[in-house]
Amino acid sequence: MSTLQEIVAHCEELAFDLSFKRAGAWKAQGKDRVVIGHLPVYFPREVIHAANGLAVGILGGGDKKLIIKGDAYYQSYICHMPRSVIELALDKHFDDFDGFIFPSICDVIRNLSGMFQMLGEGKFVKYLDFPQNFKHHIGGTFYRYELQTVLDEIHKLNGVEVTAERLNHSIGMFNLNRALICQLYDIRNEFPWRMTAADVYHVVRAGYVIPVEEHNEILSQVIHLIQKEAGNPTDKIRVLVMGAFCEQPPVGLIRTIELAGCYVVEDDFLLGARWIQGDIETGSADPMEAITTAYLEKSTFSSSVYDVGNPKEARLIDLIRRRKVDGVIFAAPSFCDPALLDHPILQKECNDKNIRFISFLYSENTGQFKVIKEQVGTFSDSIKLWD
Amino acid sequence: MSKDVSKERSMIIQKEMISGLFKELSMAKETGKKVVYTFVPGNISELILSFGMLPVYPEINALQAGMRKKSADYIRDAEQHGHSEDVCTYVKCDVGMMLNGNIGPTGEKIPAPDLLLLSYTGCFTFLKWFETLERLYPGVPVALLHTPYQEAHKITPEMTTYMVKQLKEEVIPKMEMVSGNKYDEEKLKSILRNSSKVEDYIIKIFETTKNRPSPIDAYFAGVYYIGPINSGFRGTPEAVNYYAELYSEILLRVEKKLGPITPEGEMEEERFRLVVEGPPNWTHFREFWKLFYDMGAVIVASSYTKVGGVYDMGFRVNPDKPLESLADYCMNCYTNLNLQQRTDLLSKCITDYHADGFLVNSIKSCNSFSAGQLMIMQQLERTLEIPIGFIESDLVDPRYFSYSNIKNRLESFFQMLEQRKMIFTQE
Ligand code: SF4
Ligand code: SF4
């Protein structure tokens with residue numbers, strides 16, 4: 001058993017390995033193995049797993065990739081992540097990838113899928129239209145059709161038949177993965193001093209680029225280690241960070257928030273890993289239906305899903321209460337329409353419910369945190385002083 | 001430039017149509033007519049009309065506010081209410097307009113909606129926009145029509161089925177509930193028969209730019225020509241009449257070899273023929289247009305005039321299959337085409353309309369259009385070896401319209417076109 005520091009360091013290396021070496025090594029071990037990249041937010045990775053594939057989350061280059069060519073593909077008033085994804089593609093970081101999935105979350109991602117098609121990246125590029133209709137026989141049927149097109153593409157590549165048994169097994173693996181991540185968040189919620197938010201981030205993010213079996217092992221080890229008391233509680237406020245579901249904040253920003261007097265006890269950083277709330281049925285004779293049902297009935301709330309009949313502000317307040325949060329930090333990527341158009345709605349609710357919040361913008365490659373540190377520090381002090 | 005700026009009959013007809021609609025809207029509460037808010041791309045106005053309801057298009061109100069120089073204040077008010085500087089300015093303009101009493105372009109109040117019809121074709125911001133509207137008008141039912149994107153360069157039967165099911169089980173029942181009328185397929189079919197006639201006229205009208213000189217400007221004047229189909233008249237006898245009149249006026253111009261009409265009269269010498277991608281700027285529309293006609297530049301095709309439907313690739317509504325046809329219409333709108341399809345369509349326009357250059361007006365607040373435009377430019381430059389120009393502005397936020405910047409860029413672009421012409425002439 002390694003120490004927590006060793007595991008976190010290993011995860012950090014995996015999470016930010018922009019050459020995706022672990023995926024390449026995994027693929028080299030079997031002739032019919034495929035690596036499929038997917039953009040944020042959510043994709044049911046079980047489906048790829050069952051087709052003998054590794055679903056790898058593409059989250060941009062963060063602050064680790066210098067943008068030289070990417071800027072020639074995007075105007076200055078478009079968020080940063082797609083330009084680093086293009087940079088990675090042009091610099092051949094995705095050479096081990098067989099296909100790409102672009103979930104329907106915004107116009108930028110949608111058009112990025114077209115750019116990948118035009119660049120001839122991978123053997124297939126699929127823009128996956130997540131239904132906004134949540135009735136089984138309408139949106140559900142369409143969702144199944146969309147997932148089937150992904151399976152058909154993979155089948156063309158490796159000929160693997162996805163049986164109910166295989167898919168049920170894969171669902172089980174990811175159920176465990178989600179349960180472990182939730183357990184990690186729950187422990188940290190109760191004892192936030194035992195592990196920093198940045199460390200949790202690294203551990204969860206590593207799961208985006210390695211086989212789920214390995215990630216489950218890592219998570220189990222981490223959970224085992226943080227069951228024991230470690231460190232000392234300090235006088236920090238408990239915050240929820242919201243708005244970062246797609247372009248990821250630089251880890252320096254997460255650290256800054258905690259250094260400025262906050263415990264990040266809840267966030268939407270790597271939301272796809274916890275998208276489905278609870279388990280997906282594993283014993284079904286029709287596991288695709290089980291996956292579909294989970295999307296329709298157990299999805300979390302996000303800026304990319306229309307919330308008619310299930311208002312996001314109520315869900316936010318519920319989360320705030322459950323996590324016993326003192327304040328909310330709305331941190332969104334610059335120029336991110338989905339996140340930023342949600343903020344007035346969510347902030348009004350916070351105002352109405354007397355929940356303190358601050359907001360600021362970031363880019364995945366933001367390098368200076370001085371202003372943010374001061375802003376968060378003042379926020380934390382004011383809550384400590386008045387509440 | 002000839003200074004004859006007398007209004008043509010079609011202009012008068014359009015003005016009457018639009019002001020009639022706003023009058024009707026202002027009296028909707030008294031007359032009991034139900035009001036549906038919806039969007040231009042993929043607008044299923046025929047269905048709305050078949051239930052006897054009146055449509056309102058928030059983007060049209062926003063662009064009108066931009067033209068009437070009201071958008072800056074509206075946007076400022078929305079930003080004071082927590083909206084970010086970084087997001088689509090149409091949304092902020094609309095929110096600001098509501099905060100200021102919802103007074104429409106004709107000075108009359110626009111009634112609150114009875115139904116929010118969220119058919120969000122080719123743009124995710126519509127979805128966010130309606131989440132905002134839903135909260136501004138609590139309790140108003142929302143009918144959501146999700147239009148799948150043409151990601152695989154085609155419309156599959158599954159996509160159409162998904163949309164038709166939504167129409168049958170989500171949209172129509174809500175329309176029945178709100179209007180108190182039953183769905184009448186025969187009525188819808190007869191409305192669609194008019195739409196099909198209108199579509200034919202639209203194609204013929206925009207194809208007249210193949211002539212030299214082009215009798216119309218397909219961007220600056222084009223946005224007026226698509227006014228009726230984008231503001232709720234598709235499928236009405238008034239629209240058929242308007243487009244018939246417009247077409248005959250244009251044919252007359254072709255016969256007389258006349259250039260396009262501009263706000264300062266007729267353009268006399270056609271020097272450059274351009275294809276333009278991206279919406280126009282509304283806050284400085286006249287100055288913007290003048291930069292072109294002063295240089296003898298005429299726009300022979302534009303993608304913006306296809307946001308409310310792409311007809312030049314053969315699509316026509318089929319009145320015999322009304323719901324399938326409405327679904328396919330939605331999926332065929334310009335911003336619902338994938339990037340390669342958009343590039344191919346622009347390429348076809350450049351070739352078919354014998355354009356000398358291609359210009360992108362990149363809109364700061366519109367990711368739906370802007371994301372990917374640089375790639376479109378790269379590909380067109382490579383495949384057609386045509387001069388490419390690039391300018392940036394915004395739809396309705398005057399802070400992002402820099403006259404001198406745009407003028408400089410356009411001047412260099414026109415110089416490039418001029419030089420190329422000279423080389424070709426010498427050759
Ligand atoms: S950061 Fe926002 S705008 Fe950019 S790709 Fe992600 S969701 Fe879209
Ligand atoms: S992003 Fe563009 S297409 Fe979408 S609502 Fe705004 S202006 Fe319209």
# chains A, B, ... in the order shown; residues from 1 in each chain; ligands from 1
>>> interface_residues(of="chain A", to="chain B", cutoff="9 Å", atoms="only C-alpha atoms", output="PDB file with N, CA and C atoms, in the first residue's frame")
ATOM      1  N   ALA A  72      -5.387  30.174 -34.039  1.00  0.00           N
ATOM      2  CA  ALA A  72      -5.763  30.441 -35.430  1.00  0.00           C
ATOM      3  C   ALA A  72      -7.105  29.785 -35.766  1.00  0.00           C
ATOM      4  N   TYR A  73      -7.629  29.012 -34.821  1.00  0.00           N
ATOM      5  CA  TYR A  73      -8.898  28.325 -35.063  1.00  0.00           C
ATOM      6  C   TYR A  73     -10.057  28.947 -34.296  1.00  0.00           C
ATOM      7  N   TYR A  74      -9.720  29.798 -33.331  1.00  0.00           N
ATOM      8  CA  TYR A  74     -10.788  30.386 -32.508  1.00  0.00           C
ATOM      9  C   TYR A  74     -10.575  31.864 -32.276  1.00  0.00           C
ATOM     10  N   GLN A  75     -11.652  32.610 -32.380  1.00  0.00           N
ATOM     11  CA  GLN A  75     -11.612  34.028 -32.084  1.00  0.00           C
ATOM     12  C   GLN A  75     -11.368  34.212 -30.579  1.00  0.00           C
ATOM     13  N   SER A  76     -10.923  35.423 -30.236  1.00  0.00           N
ATOM     14  CA  SER A  76     -10.552  35.667 -28.838  1.00  0.00           C
ATOM     15  C   SER A  76     -11.742  35.561 -27.889  1.00  0.00           C
ATOM     16  N   TYR A  77     -12.937  35.724 -28.396  1.00  0.00           N
ATOM     17  CA  TYR A  77     -14.107  35.716 -27.505  1.00  0.00           C
ATOM     18  C   TYR A  77     -14.794  34.353 -27.441  1.00  0.00           C
ATOM     19  N   ILE A  78     -14.024  33.331 -27.635  1.00  0.00           N
ATOM     20  CA  ILE A  78     -14.549  31.971 -27.437  1.00  0.00           C
ATOM     21  C   ILE A  78     -13.707  31.346 -26.325  1.00  0.00           C
ATOM     22  N   SER A 104     -23.525  16.737 -26.643  1.00  0.00           N
ATOM     23  CA  SER A 104     -24.165  18.018 -27.000  1.00  0.00           C
ATOM     24  C   SER A 104     -24.328  18.881 -25.758  1.00  0.00           C
ATOM     25  N   ILE A 105     -23.383  19.795 -25.556  1.00  0.00           N
ATOM     26  CA  ILE A 105     -23.544  20.686 -24.402  1.00  0.00           C
ATOM     27  C   ILE A 105     -23.587  22.154 -24.801  1.00  0.00           C
ATOM     28  N   CYS A 106     -23.009  22.493 -25.917  1.00  0.00           N
ATOM     29  CA  CYS A 106     -23.025  23.901 -26.318  1.00  0.00           C
ATOM     30  C   CYS A 106     -22.601  24.006 -27.779  1.00  0.00           C
ATOM     31  N   ASP A 107     -22.735  25.195 -28.322  1.00  0.00           N
ATOM     32  CA  ASP A 107     -22.428  25.392 -29.743  1.00  0.00           C
ATOM     33  C   ASP A 107     -20.941  25.269 -30.039  1.00  0.00           C
ATOM     34  N   VAL A 108     -20.125  25.580 -29.042  1.00  0.00           N
ATOM     35  CA  VAL A 108     -18.678  25.502 -29.271  1.00  0.00           C
ATOM     36  C   VAL A 108     -18.249  24.046 -29.424  1.00  0.00           C
ATOM     37  N   ILE A 109     -18.720  23.210 -28.539  1.00  0.00           N
ATOM     38  CA  ILE A 109     -18.394  21.784 -28.623  1.00  0.00           C
ATOM     39  C   ILE A 109     -18.989  21.199 -29.907  1.00  0.00           C
ATOM     40  N   ARG A 110     -20.197  21.632 -30.217  1.00  0.00           N
ATOM     41  CA  ARG A 110     -20.863  21.130 -31.422  1.00  0.00           C
ATOM     42  C   ARG A 110     -20.013  21.440 -32.657  1.00  0.00           C
ATOM     43  N   ASN A 111     -19.575  22.678 -32.762  1.00  0.00           N
ATOM     44  CA  ASN A 111     -18.788  23.034 -33.941  1.00  0.00           C
ATOM     45  C   ASN A 111     -17.376  22.467 -33.879  1.00  0.00           C
ATOM     46  N   LEU A 112     -16.898  22.209 -32.663  1.00  0.00           N
ATOM     47  CA  LEU A 112     -15.589  21.539 -32.541  1.00  0.00           C
ATOM     48  C   LEU A 112     -15.671  20.131 -33.142  1.00  0.00           C
ATOM     49  N   SER A 113     -16.830  19.496 -32.994  1.00  0.00           N
ATOM     50  CA  SER A 113     -16.977  18.155 -33.587  1.00  0.00           C
ATOM     51  C   SER A 113     -16.821  18.266 -35.106  1.00  0.00           C
ATOM     52  N   GLY A 114     -17.378  19.328 -35.683  1.00  0.00           N
ATOM     53  CA  GLY A 114     -17.233  19.540 -37.125  1.00  0.00           C
ATOM     54  C   GLY A 114     -15.782  19.785 -37.502  1.00  0.00           C
ATOM     55  N   MET A 115     -15.067  20.487 -36.632  1.00  0.00           N
ATOM     56  CA  MET A 115     -13.657  20.750 -36.937  1.00  0.00           C
ATOM     57  C   MET A 115     -12.858  19.455 -36.914  1.00  0.00           C
ATOM     58  N   GLN A 117     -14.057  16.567 -37.625  1.00  0.00           N
ATOM     59  CA  GLN A 117     -14.414  15.864 -38.870  1.00  0.00           C
ATOM     60  C   GLN A 117     -13.604  16.412 -40.033  1.00  0.00           C
ATOM     61  N   MET A 118     -13.517  17.720 -40.100  1.00  0.00           N
ATOM     62  CA  MET A 118     -12.809  18.334 -41.233  1.00  0.00           C
ATOM     63  C   MET A 118     -11.305  18.070 -41.169  1.00  0.00           C
ATOM     64  N   VAL A 125     -15.979  10.428 -35.801  1.00  0.00           N
ATOM     65  CA  VAL A 125     -16.275  11.562 -34.920  1.00  0.00           C
ATOM     66  C   VAL A 125     -17.786  11.578 -34.741  1.00  0.00           C
ATOM     67  N   LYS A 126     -18.222  11.458 -33.529  1.00  0.00           N
ATOM     68  CA  LYS A 126     -19.666  11.413 -33.294  1.00  0.00           C
ATOM     69  C   LYS A 126     -20.068  12.569 -32.371  1.00  0.00           C
ATOM     70  N   TYR A 127     -20.946  13.403 -32.885  1.00  0.00           N
ATOM     71  CA  TYR A 127     -21.569  14.417 -32.021  1.00  0.00           C
ATOM     72  C   TYR A 127     -22.796  13.745 -31.445  1.00  0.00           C
ATOM     73  N   LEU A 128     -22.838  13.585 -30.153  1.00  0.00           N
ATOM     74  CA  LEU A 128     -23.927  12.817 -29.550  1.00  0.00           C
ATOM     75  C   LEU A 128     -24.991  13.753 -29.004  1.00  0.00           C
ATOM     76  N   ASP A 129     -26.135  13.708 -29.665  1.00  0.00           N
ATOM     77  CA  ASP A 129     -27.229  14.589 -29.272  1.00  0.00           C
ATOM     78  C   ASP A 129     -27.964  13.998 -28.079  1.00  0.00           C
ATOM     79  N   PHE A 130     -27.660  14.491 -26.904  1.00  0.00           N
ATOM     80  CA  PHE A 130     -28.404  14.035 -25.726  1.00  0.00           C
ATOM     81  C   PHE A 130     -29.814  14.606 -25.812  1.00  0.00           C
ATOM     82  N   PRO A 131     -30.819  13.755 -25.647  1.00  0.00           N
ATOM     83  CA  PRO A 131     -32.177  14.287 -25.786  1.00  0.00           C
ATOM     84  C   PRO A 131     -32.496  15.277 -24.661  1.00  0.00           C
ATOM     85  N   GLN A 132     -33.281  16.254 -25.007  1.00  0.00           N
ATOM     86  CA  GLN A 132     -33.777  17.173 -23.966  1.00  0.00           C
ATOM     87  C   GLN A 132     -35.213  16.800 -23.616  1.00  0.00           C
ATOM     88  N   ASN A 133     -35.692  15.765 -24.258  1.00  0.00           N
ATOM     89  CA  ASN A 133     -37.006  15.249 -23.915  1.00  0.00           C
ATOM     90  C   ASN A 133     -36.771  14.013 -23.038  1.00  0.00           C
ATOM     91  N   HIS A 137     -40.355   6.846 -24.264  1.00  0.00           N
ATOM     92  CA  HIS A 137     -40.624   6.454 -25.651  1.00  0.00           C
ATOM     93  C   HIS A 137     -40.280   7.569 -26.640  1.00  0.00           C
ATOM     94  N   ILE A 138     -39.933   8.745 -26.145  1.00  0.00           N
ATOM     95  CA  ILE A 138     -39.542   9.829 -27.063  1.00  0.00           C
ATOM     96  C   ILE A 138     -38.027  10.044 -26.940  1.00  0.00           C
ATOM     97  N   GLY A 139     -37.616  10.761 -25.885  1.00  0.00           N
ATOM     98  CA  GLY A 139     -36.187  11.025 -25.711  1.00  0.00           C
ATOM     99  C   GLY A 139     -35.394   9.745 -25.479  1.00  0.00           C
ATOM    100  N   THR A 141     -35.967   6.666 -26.594  1.00  0.00           N
ATOM    101  CA  THR A 141     -35.765   5.928 -27.844  1.00  0.00           C
ATOM    102  C   THR A 141     -34.659   6.587 -28.671  1.00  0.00           C
ATOM    103  N   PHE A 142     -34.701   7.914 -28.692  1.00  0.00           N
ATOM    104  CA  PHE A 142     -33.696   8.622 -29.484  1.00  0.00           C
ATOM    105  C   PHE A 142     -32.306   8.446 -28.870  1.00  0.00           C
ATOM    106  N   TYR A 145     -30.866   5.187 -29.798  1.00  0.00           N
ATOM    107  CA  TYR A 145     -30.416   5.241 -31.197  1.00  0.00           C
ATOM    108  C   TYR A 145     -29.049   5.918 -31.282  1.00  0.00           C
ATOM    109  N   SER A 303     -25.746  22.852 -16.569  1.00  0.00           N
ATOM    110  CA  SER A 303     -26.127  23.938 -17.482  1.00  0.00           C
ATOM    111  C   SER A 303     -26.471  23.424 -18.863  1.00  0.00           C
ATOM    112  N   SER A 304     -26.153  22.183 -19.163  1.00  0.00           N
ATOM    113  CA  SER A 304     -26.394  21.690 -20.513  1.00  0.00           C
ATOM    114  C   SER A 304     -27.721  20.944 -20.648  1.00  0.00           C
ATOM    115  N   VAL A 305     -28.470  20.875 -19.568  1.00  0.00           N
ATOM    116  CA  VAL A 305     -29.748  20.165 -19.649  1.00  0.00           C
ATOM    117  C   VAL A 305     -30.869  21.127 -19.287  1.00  0.00           C
ATOM    118  N   TYR A 306     -31.886  21.203 -20.135  1.00  0.00           N
ATOM    119  CA  TYR A 306     -33.008  22.091 -19.847  1.00  0.00           C
ATOM    120  C   TYR A 306     -33.735  21.574 -18.614  1.00  0.00           C
ATOM    121  N   ASP A 307     -34.069  22.488 -17.739  1.00  0.00           N
ATOM    122  CA  ASP A 307     -34.538  22.020 -16.428  1.00  0.00           C
ATOM    123  C   ASP A 307     -36.028  22.217 -16.213  1.00  0.00           C
ATOM    124  N   VAL A 308     -36.786  22.205 -17.288  1.00  0.00           N
ATOM    125  CA  VAL A 308     -38.219  22.420 -17.107  1.00  0.00           C
ATOM    126  C   VAL A 308     -38.801  21.363 -16.156  1.00  0.00           C
ATOM    127  N   SER A 334     -14.415  31.992 -18.874  1.00  0.00           N
ATOM    128  CA  SER A 334     -14.800  33.175 -19.656  1.00  0.00           C
ATOM    129  C   SER A 334     -15.517  32.720 -20.923  1.00  0.00           C
ATOM    130  N   PHE A 335     -16.510  33.459 -21.298  1.00  0.00           N
ATOM    131  CA  PHE A 335     -17.263  33.255 -22.548  1.00  0.00           C
ATOM    132  C   PHE A 335     -18.058  31.949 -22.591  1.00  0.00           C
ATOM    133  N   CYS A 336     -18.308  31.382 -21.443  1.00  0.00           N
ATOM    134  CA  CYS A 336     -19.081  30.131 -21.433  1.00  0.00           C
ATOM    135  C   CYS A 336     -20.563  30.463 -21.273  1.00  0.00           C
ATOM    136  N   ASP A 337     -21.265  30.537 -22.389  1.00  0.00           N
ATOM    137  CA  ASP A 337     -22.692  30.872 -22.345  1.00  0.00           C
ATOM    138  C   ASP A 337     -23.507  29.968 -21.405  1.00  0.00           C
ATOM    139  N   PRO A 338     -23.371  28.646 -21.500  1.00  0.00           N
ATOM    140  CA  PRO A 338     -24.224  27.815 -20.651  1.00  0.00           C
ATOM    141  C   PRO A 338     -24.044  28.111 -19.159  1.00  0.00           C
ATOM    142  N   LEU A 340     -22.617  30.794 -17.721  1.00  0.00           N
ATOM    143  CA  LEU A 340     -22.850  32.192 -17.334  1.00  0.00           C
ATOM    144  C   LEU A 340     -24.322  32.585 -17.410  1.00  0.00           C
ATOM    145  N   LEU A 341     -25.059  31.967 -18.312  1.00  0.00           N
ATOM    146  CA  LEU A 341     -26.487  32.300 -18.367  1.00  0.00           C
ATOM    147  C   LEU A 341     -27.262  31.674 -17.208  1.00  0.00           C
ATOM    148  N   ASP A 342     -26.672  30.689 -16.578  1.00  0.00           N
ATOM    149  CA  ASP A 342     -27.300  30.114 -15.385  1.00  0.00           C
ATOM    150  C   ASP A 342     -27.089  30.991 -14.157  1.00  0.00           C
ATOM    151  N   HIS A 343     -26.006  31.712 -14.144  1.00  0.00           N
ATOM    152  CA  HIS A 343     -25.632  32.392 -12.904  1.00  0.00           C
ATOM    153  C   HIS A 343     -26.670  33.384 -12.374  1.00  0.00           C
ATOM    154  N   PRO A 344     -27.267  34.230 -13.235  1.00  0.00           N
ATOM    155  CA  PRO A 344     -28.270  35.136 -12.657  1.00  0.00           C
ATOM    156  C   PRO A 344     -29.408  34.380 -11.960  1.00  0.00           C
ATOM    157  N   ILE A 345     -29.786  33.230 -12.533  1.00  0.00           N
ATOM    158  CA  ILE A 345     -30.884  32.442 -11.951  1.00  0.00           C
ATOM    159  C   ILE A 345     -30.453  31.889 -10.589  1.00  0.00           C
ATOM    160  N   GLN A 347     -27.901  32.832  -8.732  1.00  0.00           N
ATOM    161  CA  GLN A 347     -27.509  33.864  -7.765  1.00  0.00           C
ATOM    162  C   GLN A 347     -28.733  34.547  -7.159  1.00  0.00           C
ATOM    163  N   LYS A 348     -29.769  34.677  -7.951  1.00  0.00           N
ATOM    164  CA  LYS A 348     -31.002  35.274  -7.404  1.00  0.00           C
ATOM    165  C   LYS A 348     -31.531  34.388  -6.275  1.00  0.00           C
TER     166      LYS A 348
END
>>> select_by_dssp(residues="range 37-99 of chain B", states="strand (DSSP E or B)", output="list in words")
Tyr37, Leu54, Pro55 and Val56 of chain B
>>> write_last_selection(atoms="N, CA, C and O atoms", output="short mmCIF file (atom, residue, chain, number, x, y, z; two decimals), in the first residue's frame")
data_model
loop_
_atom_site.label_atom_id
_atom_site.label_comp_id
_atom_site.auth_asym_id
_atom_site.auth_seq_id
_atom_site.Cartn_x
_atom_site.Cartn_y
_atom_site.Cartn_z
N TYR B 37 -44.30 32.72 -27.64
CA TYR B 37 -42.94 33.18 -27.88
C TYR B 37 -42.14 32.01 -28.44
O TYR B 37 -42.19 30.90 -27.91
N LEU B 54 -50.74 33.82 -32.03
CA LEU B 54 -49.84 34.82 -32.60
C LEU B 54 -48.41 34.57 -32.13
O LEU B 54 -48.18 34.38 -30.93
N PRO B 55 -47.45 34.62 -33.05
CA PRO B 55 -46.06 34.38 -32.63
C PRO B 55 -45.33 35.67 -32.25
O PRO B 55 -45.59 36.74 -32.81
N VAL B 56 -44.42 35.54 -31.30
CA VAL B 56 -43.49 36.63 -30.96
C VAL B 56 -42.09 36.04 -31.02
O VAL B 56 -41.85 34.95 -30.51
#
>>> residues_around(residues="Arg9 in chain B", least_positions_apart="5", cutoff="10 Å", atoms="only C-alpha atoms", output="ChimeraX atom specification")
/B:14-15,242,245-246,249
>>> residues_around(residues="range 191-197 of chain B", least_positions_apart="2", cutoff="9 Å", atoms="only C-alpha atoms", output="list in words")
Glu46, Leu47, Leu49, Ser50, Glu186, Lys187, Leu188, Lys189, Glu199, Asp200, Tyr201, Ile202, Ile229, Phe233, Arg234, Gly235, Thr236, Pro237, Ala239, Val240, Arg316, Val317, Asn318, Pro319, Asp320 and Pro322 of chain B
>>> residues_around(residues="Gly243 in chain A", least_positions_apart="5", cutoff="10 Å", atoms="only C-alpha atoms", output="PyMOL selection string")
chain A and resi 248-249+267-269+302-303+329-333+336+338-340+342-343+359-361
>>> residues_around(residues="Trp386 in chain A", least_positions_apart="3", cutoff="12 Å", atoms="only C-alpha atoms", output="number ranges by chain")
A: 237, 326, 356, 379-383
>>> write_last_selection(atoms="all heavy atoms", output="PDB file, in the first residue's frame")
ATOM      1  N   ILE A 237     -14.139  28.362   5.917  1.00  0.00           N
ATOM      2  CA  ILE A 237     -15.565  28.228   5.584  1.00  0.00           C
ATOM      3  C   ILE A 237     -15.730  27.089   4.580  1.00  0.00           C
ATOM      4  O   ILE A 237     -14.790  26.717   3.897  1.00  0.00           O
ATOM      5  CB  ILE A 237     -16.157  29.541   5.020  1.00  0.00           C
ATOM      6  CG1 ILE A 237     -15.456  29.959   3.709  1.00  0.00           C
ATOM      7  CG2 ILE A 237     -16.118  30.648   6.047  1.00  0.00           C
ATOM      8  CD1 ILE A 237     -16.257  30.914   2.871  1.00  0.00           C
ATOM      9  N   ASP A 326     -21.337  27.051   3.590  1.00  0.00           N
ATOM     10  CA  ASP A 326     -21.451  28.419   4.108  1.00  0.00           C
ATOM     11  C   ASP A 326     -21.614  29.444   2.992  1.00  0.00           C
ATOM     12  O   ASP A 326     -22.154  30.525   3.206  1.00  0.00           O
ATOM     13  CB  ASP A 326     -20.178  28.797   4.892  1.00  0.00           C
ATOM     14  CG  ASP A 326     -19.942  27.871   6.070  1.00  0.00           C
ATOM     15  OD1 ASP A 326     -20.896  27.655   6.840  1.00  0.00           O
ATOM     16  OD2 ASP A 326     -18.812  27.345   6.198  1.00  0.00           O
ATOM     17  N   ARG A 356     -24.604  33.431   0.920  1.00  0.00           N
ATOM     18  CA  ARG A 356     -23.568  34.329   0.387  1.00  0.00           C
ATOM     19  C   ARG A 356     -22.874  33.683  -0.815  1.00  0.00           C
ATOM     20  O   ARG A 356     -22.656  32.465  -0.828  1.00  0.00           O
ATOM     21  CB  ARG A 356     -22.494  34.597   1.439  1.00  0.00           C
ATOM     22  CG  ARG A 356     -23.013  35.085   2.739  1.00  0.00           C
ATOM     23  CD  ARG A 356     -23.142  36.603   2.752  1.00  0.00           C
ATOM     24  NE  ARG A 356     -23.380  36.953   4.131  1.00  0.00           N
ATOM     25  CZ  ARG A 356     -22.414  37.313   4.955  1.00  0.00           C
ATOM     26  NH1 ARG A 356     -21.176  37.380   4.539  1.00  0.00           N
ATOM     27  NH2 ARG A 356     -22.696  37.602   6.208  1.00  0.00           N
ATOM     28  N   PHE A 379     -14.147  37.157   1.110  1.00  0.00           N
ATOM     29  CA  PHE A 379     -15.421  36.417   1.192  1.00  0.00           C
ATOM     30  C   PHE A 379     -15.420  35.517   2.434  1.00  0.00           C
ATOM     31  O   PHE A 379     -16.357  35.542   3.243  1.00  0.00           O
ATOM     32  CB  PHE A 379     -15.561  35.587  -0.098  1.00  0.00           C
ATOM     33  CG  PHE A 379     -16.777  34.724  -0.183  1.00  0.00           C
ATOM     34  CD1 PHE A 379     -18.049  35.264  -0.114  1.00  0.00           C
ATOM     35  CD2 PHE A 379     -16.657  33.339  -0.369  1.00  0.00           C
ATOM     36  CE1 PHE A 379     -19.180  34.461  -0.227  1.00  0.00           C
ATOM     37  CE2 PHE A 379     -17.777  32.530  -0.485  1.00  0.00           C
ATOM     38  CZ  PHE A 379     -19.037  33.093  -0.409  1.00  0.00           C
ATOM     39  N   SER A 380     -14.335  34.775   2.565  1.00  0.00           N
ATOM     40  CA  SER A 380     -14.232  33.853   3.695  1.00  0.00           C
ATOM     41  C   SER A 380     -14.261  34.624   5.032  1.00  0.00           C
ATOM     42  O   SER A 380     -14.993  34.264   5.953  1.00  0.00           O
ATOM     43  CB  SER A 380     -12.942  33.039   3.526  1.00  0.00           C
ATOM     44  OG  SER A 380     -12.474  32.578   4.738  1.00  0.00           O
ATOM     45  N   ASP A 381     -13.494  35.710   5.076  1.00  0.00           N
ATOM     46  CA  ASP A 381     -13.460  36.497   6.323  1.00  0.00           C
ATOM     47  C   ASP A 381     -14.832  37.046   6.655  1.00  0.00           C
ATOM     48  O   ASP A 381     -15.259  37.025   7.809  1.00  0.00           O
ATOM     49  CB  ASP A 381     -12.487  37.679   6.171  1.00  0.00           C
ATOM     50  CG  ASP A 381     -11.040  37.194   6.150  1.00  0.00           C
ATOM     51  OD1 ASP A 381     -10.812  36.026   6.514  1.00  0.00           O
ATOM     52  OD2 ASP A 381     -10.152  37.966   5.740  1.00  0.00           O
ATOM     53  N   SER A 382     -15.516  37.531   5.628  1.00  0.00           N
ATOM     54  CA  SER A 382     -16.809  38.154   5.918  1.00  0.00           C
ATOM     55  C   SER A 382     -17.796  37.120   6.451  1.00  0.00           C
ATOM     56  O   SER A 382     -18.588  37.407   7.345  1.00  0.00           O
ATOM     57  CB  SER A 382     -17.359  38.859   4.678  1.00  0.00           C
ATOM     58  OG  SER A 382     -17.805  37.903   3.767  1.00  0.00           O
ATOM     59  N   ILE A 383     -17.717  35.921   5.913  1.00  0.00           N
ATOM     60  CA  ILE A 383     -18.638  34.879   6.415  1.00  0.00           C
ATOM     61  C   ILE A 383     -18.267  34.500   7.851  1.00  0.00           C
ATOM     62  O   ILE A 383     -19.128  34.378   8.731  1.00  0.00           O
ATOM     63  CB  ILE A 383     -18.638  33.652   5.484  1.00  0.00           C
ATOM     64  CG1 ILE A 383     -19.360  34.025   4.181  1.00  0.00           C
ATOM     65  CG2 ILE A 383     -19.293  32.442   6.144  1.00  0.00           C
ATOM     66  CD1 ILE A 383     -19.529  32.919   3.192  1.00  0.00           C
TER      67      ILE A 383
END
